[in-house]
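Structure file data.txt (compact mmCIF, N, CA and C atoms) is printed below.
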```txt
# COMPACT_ATOMS: atom_id res chain seq x y z
N SER A 193 -1.92 47.66 25.39
CA SER A 193 -2.44 46.38 25.01
C SER A 193 -3.16 45.77 26.20
N ASN A 194 -4.26 45.15 25.93
CA ASN A 194 -5.10 44.55 26.96
C ASN A 194 -4.72 43.08 27.08
N GLU A 195 -4.26 42.63 28.27
CA GLU A 195 -3.82 41.26 28.44
C GLU A 195 -4.98 40.27 28.38
N ASP A 196 -6.18 40.67 28.79
CA ASP A 196 -7.32 39.77 28.73
C ASP A 196 -7.67 39.41 27.29
N GLY A 197 -7.52 40.32 26.39
CA GLY A 197 -7.85 40.11 24.99
C GLY A 197 -6.79 39.31 24.26
N ALA A 198 -5.59 39.17 24.81
CA ALA A 198 -4.51 38.45 24.14
C ALA A 198 -4.79 36.95 24.07
N ASN A 199 -5.53 36.40 25.01
CA ASN A 199 -5.81 34.97 25.02
C ASN A 199 -7.07 34.59 24.26
N GLN A 200 -7.82 35.56 23.81
CA GLN A 200 -9.06 35.27 23.10
C GLN A 200 -8.78 35.12 21.60
N PRO A 201 -9.46 34.18 20.94
CA PRO A 201 -9.26 34.03 19.50
C PRO A 201 -9.82 35.25 18.76
N PRO A 202 -9.29 35.50 17.59
CA PRO A 202 -9.79 36.65 16.83
C PRO A 202 -11.24 36.44 16.43
N ALA A 203 -11.98 37.51 16.39
CA ALA A 203 -13.40 37.44 16.03
C ALA A 203 -13.52 37.01 14.57
N THR A 204 -14.44 36.08 14.32
CA THR A 204 -14.66 35.60 12.94
C THR A 204 -16.08 35.96 12.54
N THR A 205 -16.24 36.10 11.27
CA THR A 205 -17.58 36.39 10.77
C THR A 205 -18.33 35.07 10.67
N PRO A 206 -19.62 35.07 10.93
CA PRO A 206 -20.38 33.81 10.84
C PRO A 206 -20.31 33.25 9.43
N ALA A 207 -20.25 31.92 9.35
CA ALA A 207 -20.17 31.25 8.06
C ALA A 207 -21.46 31.46 7.28
N ARG A 208 -21.31 31.71 6.01
CA ARG A 208 -22.47 31.90 5.15
C ARG A 208 -23.04 30.53 4.82
N SER A 209 -24.34 30.38 4.90
CA SER A 209 -24.95 29.08 4.58
C SER A 209 -25.32 29.07 3.09
N TYR A 210 -25.06 27.91 2.51
CA TYR A 210 -25.32 27.71 1.09
C TYR A 210 -26.40 26.65 0.92
N SER A 211 -27.15 26.77 -0.14
CA SER A 211 -28.16 25.75 -0.42
C SER A 211 -27.47 24.53 -1.03
N GLN A 212 -28.17 23.41 -0.99
CA GLN A 212 -27.62 22.17 -1.54
C GLN A 212 -27.34 22.33 -3.03
N ALA A 213 -28.20 23.03 -3.74
CA ALA A 213 -28.01 23.25 -5.18
C ALA A 213 -26.75 24.08 -5.44
N GLN A 214 -26.51 25.09 -4.61
CA GLN A 214 -25.30 25.90 -4.78
C GLN A 214 -24.04 25.07 -4.52
N LEU A 215 -24.10 24.23 -3.51
CA LEU A 215 -22.95 23.38 -3.21
C LEU A 215 -22.70 22.37 -4.33
N ASP A 216 -23.79 21.79 -4.87
CA ASP A 216 -23.65 20.84 -5.96
C ASP A 216 -23.10 21.52 -7.22
N GLU A 217 -23.50 22.76 -7.44
CA GLU A 217 -23.00 23.50 -8.60
C GLU A 217 -21.51 23.81 -8.44
N ALA A 218 -21.10 24.14 -7.22
CA ALA A 218 -19.69 24.45 -6.97
C ALA A 218 -18.82 23.20 -7.04
N ASN A 219 -19.36 22.05 -6.61
CA ASN A 219 -18.58 20.82 -6.62
C ASN A 219 -19.51 19.67 -7.03
N PRO A 220 -19.51 19.28 -8.31
CA PRO A 220 -20.43 18.25 -8.81
C PRO A 220 -20.25 16.88 -8.12
N ILE A 221 -19.11 16.65 -7.54
CA ILE A 221 -18.87 15.36 -6.89
C ILE A 221 -19.73 15.22 -5.64
N LEU A 222 -20.14 16.32 -5.03
CA LEU A 222 -20.96 16.25 -3.82
C LEU A 222 -22.27 15.49 -4.04
N ALA A 223 -22.92 15.71 -5.18
CA ALA A 223 -24.17 15.00 -5.48
C ALA A 223 -23.92 13.49 -5.56
N LEU A 224 -22.82 13.12 -6.21
CA LEU A 224 -22.47 11.70 -6.31
C LEU A 224 -22.19 11.11 -4.93
N LEU A 225 -21.47 11.85 -4.11
CA LEU A 225 -21.16 11.38 -2.77
C LEU A 225 -22.41 11.27 -1.90
N ARG A 226 -23.36 12.19 -2.06
CA ARG A 226 -24.62 12.10 -1.31
C ARG A 226 -25.39 10.84 -1.70
N THR A 227 -25.39 10.53 -3.00
CA THR A 227 -26.07 9.32 -3.47
C THR A 227 -25.38 8.08 -2.89
N ARG A 228 -24.05 8.07 -2.92
CA ARG A 228 -23.31 6.95 -2.33
C ARG A 228 -23.59 6.82 -0.84
N LEU A 229 -23.69 7.95 -0.15
CA LEU A 229 -23.97 7.93 1.29
C LEU A 229 -25.34 7.30 1.55
N ALA A 230 -26.33 7.67 0.77
CA ALA A 230 -27.67 7.08 0.94
C ALA A 230 -27.63 5.58 0.69
N THR A 231 -26.90 5.15 -0.33
CA THR A 231 -26.77 3.72 -0.62
C THR A 231 -26.07 3.01 0.52
N GLU A 232 -24.99 3.61 1.03
CA GLU A 232 -24.24 3.01 2.14
C GLU A 232 -25.10 2.90 3.40
N LYS A 233 -25.93 3.89 3.66
CA LYS A 233 -26.83 3.83 4.83
C LYS A 233 -27.82 2.68 4.67
N SER A 234 -28.34 2.51 3.47
CA SER A 234 -29.26 1.40 3.20
C SER A 234 -28.54 0.07 3.38
N ASP A 235 -27.32 -0.02 2.84
CA ASP A 235 -26.53 -1.25 2.99
C ASP A 235 -26.22 -1.52 4.45
N LEU A 236 -25.98 -0.47 5.23
CA LEU A 236 -25.69 -0.65 6.65
C LEU A 236 -26.87 -1.29 7.37
N LYS A 237 -28.08 -0.87 7.04
CA LYS A 237 -29.27 -1.47 7.66
C LYS A 237 -29.36 -2.96 7.32
N THR A 238 -29.08 -3.30 6.07
CA THR A 238 -29.12 -4.70 5.64
C THR A 238 -28.05 -5.51 6.37
N TRP A 239 -26.83 -4.98 6.40
CA TRP A 239 -25.74 -5.68 7.08
C TRP A 239 -26.01 -5.83 8.57
N THR A 240 -26.60 -4.83 9.19
CA THR A 240 -26.92 -4.90 10.61
C THR A 240 -27.96 -5.99 10.87
N ARG A 241 -28.97 -6.06 10.02
CA ARG A 241 -30.01 -7.09 10.16
C ARG A 241 -29.40 -8.48 10.04
N TRP A 242 -28.56 -8.71 9.00
CA TRP A 242 -27.94 -10.02 8.81
C TRP A 242 -26.96 -10.35 9.93
N THR A 243 -26.26 -9.35 10.44
CA THR A 243 -25.35 -9.59 11.55
C THR A 243 -26.11 -10.07 12.77
N THR A 244 -27.26 -9.48 13.03
CA THR A 244 -28.08 -9.90 14.16
C THR A 244 -28.57 -11.34 13.98
N ILE A 245 -29.02 -11.67 12.77
CA ILE A 245 -29.50 -13.03 12.49
C ILE A 245 -28.37 -14.04 12.66
N LEU A 246 -27.21 -13.74 12.07
CA LEU A 246 -26.09 -14.68 12.15
C LEU A 246 -25.52 -14.77 13.56
N SER A 247 -25.59 -13.70 14.31
CA SER A 247 -25.13 -13.76 15.70
C SER A 247 -26.02 -14.68 16.52
N GLY A 248 -27.30 -14.67 16.23
CA GLY A 248 -28.22 -15.59 16.90
C GLY A 248 -27.93 -17.04 16.54
N ALA A 249 -27.63 -17.28 15.26
CA ALA A 249 -27.28 -18.64 14.83
C ALA A 249 -25.96 -19.07 15.46
N ARG A 250 -25.04 -18.15 15.55
CA ARG A 250 -23.73 -18.45 16.15
C ARG A 250 -23.86 -18.80 17.62
N LEU A 251 -24.88 -18.26 18.25
CA LEU A 251 -25.10 -18.52 19.67
C LEU A 251 -25.32 -20.01 19.93
N VAL A 252 -26.05 -20.69 19.05
CA VAL A 252 -26.42 -22.08 19.30
C VAL A 252 -25.52 -23.09 18.60
N LEU A 253 -24.63 -22.65 17.71
CA LEU A 253 -23.76 -23.58 17.00
C LEU A 253 -22.44 -23.77 17.75
N PRO A 254 -21.77 -24.90 17.51
CA PRO A 254 -20.49 -25.13 18.19
C PRO A 254 -19.42 -24.16 17.69
N LYS A 255 -18.47 -23.86 18.54
CA LYS A 255 -17.41 -22.89 18.22
C LYS A 255 -16.13 -23.65 17.89
N THR A 256 -16.06 -24.25 16.71
CA THR A 256 -14.92 -25.09 16.36
C THR A 256 -13.64 -24.27 16.19
N THR A 257 -13.72 -23.17 15.48
CA THR A 257 -12.53 -22.33 15.28
C THR A 257 -12.05 -21.76 16.60
N GLU A 258 -12.97 -21.27 17.42
CA GLU A 258 -12.60 -20.70 18.70
C GLU A 258 -11.98 -21.74 19.63
N THR A 259 -12.45 -23.00 19.52
CA THR A 259 -11.89 -24.07 20.34
C THR A 259 -10.44 -24.33 19.95
N VAL A 260 -10.15 -24.33 18.65
CA VAL A 260 -8.77 -24.49 18.18
C VAL A 260 -7.93 -23.29 18.62
N ASP A 261 -8.52 -22.09 18.56
CA ASP A 261 -7.81 -20.88 19.00
C ASP A 261 -7.45 -20.95 20.48
N LEU A 262 -8.30 -21.61 21.30
CA LEU A 262 -7.98 -21.77 22.72
C LEU A 262 -6.66 -22.52 22.88
N LEU A 263 -6.49 -23.58 22.14
CA LEU A 263 -5.26 -24.35 22.19
C LEU A 263 -4.08 -23.51 21.72
N GLU A 264 -4.29 -22.76 20.66
CA GLU A 264 -3.25 -21.88 20.13
C GLU A 264 -2.86 -20.83 21.17
N ASN A 265 -3.84 -20.29 21.88
CA ASN A 265 -3.55 -19.28 22.90
C ASN A 265 -2.69 -19.84 24.03
N VAL A 266 -2.88 -21.12 24.34
CA VAL A 266 -2.09 -21.75 25.40
C VAL A 266 -0.67 -22.03 24.91
N LEU A 267 -0.55 -22.46 23.65
CA LEU A 267 0.75 -22.87 23.13
C LEU A 267 1.61 -21.71 22.61
N ILE A 268 0.99 -20.69 22.07
CA ILE A 268 1.72 -19.58 21.45
C ILE A 268 1.41 -18.29 22.21
N LYS A 269 2.46 -17.63 22.66
CA LYS A 269 2.30 -16.35 23.36
C LYS A 269 2.07 -15.24 22.34
N PRO A 270 1.35 -14.16 22.72
CA PRO A 270 1.08 -13.07 21.76
C PRO A 270 2.35 -12.49 21.15
N GLY A 271 3.44 -12.39 21.92
CA GLY A 271 4.68 -11.84 21.39
C GLY A 271 5.31 -12.73 20.34
N ASP A 272 5.12 -14.05 20.46
CA ASP A 272 5.68 -14.98 19.48
C ASP A 272 4.98 -14.89 18.14
N ILE A 273 3.74 -14.48 18.14
CA ILE A 273 2.97 -14.39 16.89
C ILE A 273 3.59 -13.36 15.95
N GLU A 274 4.22 -12.32 16.52
CA GLU A 274 4.82 -11.27 15.70
C GLU A 274 5.89 -11.84 14.76
N ARG A 275 6.55 -12.92 15.17
CA ARG A 275 7.60 -13.49 14.34
C ARG A 275 7.05 -14.20 13.10
N PHE A 276 5.76 -14.53 13.11
CA PHE A 276 5.16 -15.23 11.99
C PHE A 276 4.50 -14.29 10.99
N LYS A 277 4.79 -13.01 11.10
CA LYS A 277 4.18 -12.00 10.24
C LYS A 277 4.58 -12.21 8.78
N ALA A 278 3.60 -12.18 7.88
CA ALA A 278 3.86 -12.34 6.45
C ALA A 278 4.57 -11.10 5.92
N PRO A 279 5.42 -11.24 4.87
CA PRO A 279 6.18 -10.10 4.37
C PRO A 279 5.30 -8.98 3.80
N ASN A 280 4.17 -9.30 3.19
CA ASN A 280 3.32 -8.27 2.59
C ASN A 280 2.20 -7.83 3.52
N GLU A 281 2.32 -8.14 4.80
CA GLU A 281 1.23 -7.88 5.74
C GLU A 281 1.07 -6.39 6.05
N ASP A 282 2.12 -5.59 5.81
CA ASP A 282 2.02 -4.16 6.08
C ASP A 282 1.27 -3.41 5.00
N GLU A 283 1.06 -4.06 3.86
CA GLU A 283 0.30 -3.41 2.79
C GLU A 283 -1.13 -3.21 3.23
N GLY A 284 -1.74 -2.15 2.75
CA GLY A 284 -3.12 -1.87 3.12
C GLY A 284 -4.10 -2.70 2.32
N VAL A 285 -5.19 -3.06 2.96
CA VAL A 285 -6.28 -3.76 2.30
C VAL A 285 -7.35 -2.72 2.02
N GLY A 286 -7.84 -2.69 0.80
CA GLY A 286 -8.86 -1.71 0.44
C GLY A 286 -10.22 -2.13 0.97
N LEU A 287 -10.90 -1.21 1.62
CA LEU A 287 -12.26 -1.44 2.09
C LEU A 287 -13.17 -0.46 1.40
N GLY A 288 -14.37 -0.85 1.14
CA GLY A 288 -15.32 0.04 0.48
C GLY A 288 -15.41 -0.30 -0.99
N ARG A 289 -16.29 0.36 -1.66
CA ARG A 289 -16.55 0.05 -3.06
C ARG A 289 -15.41 0.46 -3.97
N GLU A 290 -14.79 1.57 -3.67
CA GLU A 290 -13.71 2.07 -4.52
C GLU A 290 -12.41 2.16 -3.74
N ASP A 291 -12.28 1.27 -2.73
CA ASP A 291 -11.08 1.24 -1.91
C ASP A 291 -10.76 2.62 -1.32
N ASP A 292 -11.80 3.29 -0.82
CA ASP A 292 -11.63 4.61 -0.21
C ASP A 292 -10.78 4.52 1.05
N VAL A 293 -10.91 3.42 1.76
CA VAL A 293 -10.25 3.28 3.05
C VAL A 293 -9.25 2.13 2.95
N LYS A 294 -8.03 2.40 3.38
CA LYS A 294 -6.99 1.36 3.40
C LYS A 294 -6.72 0.99 4.85
N VAL A 295 -6.69 -0.31 5.12
CA VAL A 295 -6.44 -0.81 6.47
C VAL A 295 -5.25 -1.75 6.40
N SER A 296 -4.32 -1.61 7.32
CA SER A 296 -3.15 -2.47 7.36
C SER A 296 -3.59 -3.90 7.68
N ARG A 297 -3.10 -4.86 6.91
CA ARG A 297 -3.42 -6.27 7.18
C ARG A 297 -2.90 -6.68 8.55
N TYR A 298 -1.72 -6.19 8.88
CA TYR A 298 -1.11 -6.50 10.17
C TYR A 298 -1.99 -6.00 11.31
N GLU A 299 -2.45 -4.76 11.19
CA GLU A 299 -3.31 -4.17 12.24
C GLU A 299 -4.64 -4.91 12.32
N MET A 300 -5.19 -5.29 11.16
CA MET A 300 -6.46 -6.00 11.13
C MET A 300 -6.29 -7.37 11.80
N ARG A 301 -5.19 -8.08 11.51
CA ARG A 301 -4.94 -9.38 12.12
C ARG A 301 -4.78 -9.25 13.63
N LYS A 302 -4.06 -8.21 14.07
CA LYS A 302 -3.87 -8.00 15.51
C LYS A 302 -5.20 -7.77 16.21
N ARG A 303 -6.06 -6.97 15.61
CA ARG A 303 -7.37 -6.70 16.22
C ARG A 303 -8.24 -7.95 16.25
N MET A 304 -8.20 -8.75 15.19
CA MET A 304 -8.99 -9.99 15.16
C MET A 304 -8.48 -10.97 16.23
N GLU A 305 -7.16 -11.04 16.40
CA GLU A 305 -6.60 -11.92 17.43
C GLU A 305 -7.00 -11.44 18.83
N LYS A 306 -7.02 -10.13 19.01
CA LYS A 306 -7.41 -9.57 20.31
C LYS A 306 -8.86 -9.93 20.62
N ILE A 307 -9.74 -9.83 19.63
CA ILE A 307 -11.15 -10.19 19.83
C ILE A 307 -11.26 -11.68 20.12
N ALA A 308 -10.52 -12.51 19.35
CA ALA A 308 -10.58 -13.96 19.56
C ALA A 308 -10.08 -14.32 20.95
N ARG A 309 -9.03 -13.67 21.42
CA ARG A 309 -8.48 -13.97 22.75
C ARG A 309 -9.37 -13.46 23.87
N SER A 310 -10.26 -12.53 23.57
CA SER A 310 -11.12 -11.96 24.62
C SER A 310 -12.36 -12.82 24.89
N GLN A 311 -12.63 -13.81 24.02
CA GLN A 311 -13.80 -14.68 24.23
C GLN A 311 -13.59 -15.52 25.49
N PRO A 312 -14.54 -15.50 26.41
CA PRO A 312 -14.37 -16.29 27.65
C PRO A 312 -14.45 -17.79 27.38
N LEU A 313 -13.68 -18.53 28.14
CA LEU A 313 -13.63 -19.98 28.02
C LEU A 313 -15.02 -20.60 28.21
N SER A 314 -15.77 -20.07 29.17
CA SER A 314 -17.11 -20.61 29.44
C SER A 314 -18.03 -20.44 28.23
N TRP A 315 -17.90 -19.35 27.51
CA TRP A 315 -18.73 -19.10 26.33
C TRP A 315 -18.39 -20.09 25.22
N ILE A 316 -17.11 -20.26 24.96
CA ILE A 316 -16.68 -21.13 23.87
C ILE A 316 -17.05 -22.59 24.17
N LEU A 317 -16.61 -23.08 25.30
CA LEU A 317 -16.85 -24.48 25.62
C LEU A 317 -18.30 -24.75 26.01
N GLY A 318 -18.91 -23.82 26.73
CA GLY A 318 -20.29 -24.02 27.17
C GLY A 318 -21.26 -24.15 26.02
N THR A 319 -21.17 -23.25 25.03
CA THR A 319 -22.10 -23.33 23.90
C THR A 319 -21.78 -24.54 23.02
N SER A 320 -20.50 -24.90 22.91
CA SER A 320 -20.14 -26.08 22.11
C SER A 320 -20.66 -27.35 22.78
N PHE A 321 -20.46 -27.48 24.09
CA PHE A 321 -20.97 -28.66 24.80
C PHE A 321 -22.50 -28.69 24.78
N GLY A 322 -23.12 -27.52 24.90
CA GLY A 322 -24.58 -27.46 24.83
C GLY A 322 -25.10 -27.98 23.51
N PHE A 323 -24.45 -27.59 22.41
CA PHE A 323 -24.83 -28.07 21.09
C PHE A 323 -24.68 -29.59 21.01
N GLU A 324 -23.56 -30.09 21.52
CA GLU A 324 -23.31 -31.53 21.48
C GLU A 324 -24.35 -32.29 22.32
N ILE A 325 -24.75 -31.75 23.42
CA ILE A 325 -25.76 -32.40 24.27
C ILE A 325 -27.10 -32.46 23.54
N VAL A 326 -27.46 -31.36 22.87
CA VAL A 326 -28.71 -31.34 22.11
C VAL A 326 -28.68 -32.37 20.99
N VAL A 327 -27.59 -32.43 20.24
CA VAL A 327 -27.48 -33.40 19.14
C VAL A 327 -27.52 -34.83 19.70
N LEU A 328 -26.81 -35.08 20.78
CA LEU A 328 -26.82 -36.40 21.39
C LEU A 328 -28.23 -36.75 21.90
N GLY A 329 -28.92 -35.78 22.46
CA GLY A 329 -30.30 -36.01 22.92
C GLY A 329 -31.23 -36.37 21.79
N ILE A 330 -31.10 -35.67 20.66
CA ILE A 330 -31.94 -35.98 19.49
C ILE A 330 -31.62 -37.38 18.98
N ALA A 331 -30.32 -37.71 18.92
CA ALA A 331 -29.93 -39.05 18.45
C ALA A 331 -30.46 -40.13 19.39
N ALA A 332 -30.38 -39.90 20.70
CA ALA A 332 -30.89 -40.88 21.67
C ALA A 332 -32.40 -41.04 21.54
N TRP A 333 -33.11 -39.94 21.34
CA TRP A 333 -34.57 -39.99 21.18
C TRP A 333 -34.95 -40.79 19.93
N ILE A 334 -34.24 -40.53 18.81
CA ILE A 334 -34.51 -41.27 17.58
C ILE A 334 -34.19 -42.75 17.77
N PHE A 335 -33.08 -43.05 18.44
CA PHE A 335 -32.67 -44.44 18.66
C PHE A 335 -33.69 -45.19 19.52
N GLN A 336 -34.17 -44.56 20.58
CA GLN A 336 -35.11 -45.25 21.49
C GLN A 336 -36.48 -45.46 20.85
N ARG A 337 -36.82 -44.69 19.83
CA ARG A 337 -38.10 -44.87 19.14
C ARG A 337 -38.07 -46.02 18.14
N ARG A 338 -36.90 -46.44 17.72
CA ARG A 338 -36.79 -47.51 16.74
C ARG A 338 -37.13 -48.85 17.40
N ASP A 339 -37.75 -49.66 16.62
CA ASP A 339 -38.14 -51.00 17.10
C ASP A 339 -37.25 -52.02 16.42
N PHE A 340 -36.39 -52.66 17.20
CA PHE A 340 -35.46 -53.63 16.62
C PHE A 340 -36.04 -55.00 16.71
```

What's the structure tokens form of this structure?
Amino acid sequence: SNEDGANQPPATTPARSYSQAQLDEANPILALLRTRLATEKSDLKTWTRWTTILSGARLVLPKTTETVDLLENVLIKPGDIERFKAPNEDEGVGLGREDDVKVSRYEMRKRMEKIARSQPLSWILGTSFGFEIVVLGIAAWIFQRRDF
């Protein structure tokens, strides 16, 4: 027996390539899944575009929820939050059109809290104060133009 050959995987024959029609004939669900994939790719482009637009709007608007979360972060430690877990939180939430993917509500909440806690204080308060300054400036400009 050759010791060098003992560590090598057994030789395999190259995989035979099949045409798309042959694959669809063997498994009719593949054609349906390809159609769904094309639709999902199109939807992804739309969602990406809207996410970019809304992220830009979020940049200039006040961060009211995040400001409240800042107070919560100071008052409640991450370990204490575990005690407030809802009884049905371990159940999966269906994502996708036919609930193909199940995500734990508990895990989703933990990830959202981690993202919320990662926002820098300067970002939250700075953009909120900036918005307030702009609104106050517009109000002052309108007020000074009025003739009493």

Pairwise distance for CA of Glu324 (chain A) and CA of Thr257 (chain A), rounded to one decimal in Å: 15.5 Å

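Neighbouring residues of Phe323 (chain A) at 6.5 Å or closer, counting all atoms listed in the file and skipping chain neighbours under 3 positions away, are Val252, Leu253, Pro254, Gly318, Thr319, Ser320, Val326, Val327 and Leu328 of chain A.
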
Atom N of Arg309 (chain A) to CA of Ile268 (chain A), straight-line distance in Å: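 So the two atoms, CA of Ile268 (chain A) and atom N of Arg309 (chain A), lie 12.3 Å apart.
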
Atom-to-atom span, CA of Leu313 (chain A) and CA of Tyr298 (chain A), Å: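 Distance reported for this atom pair: 25.6 Å.
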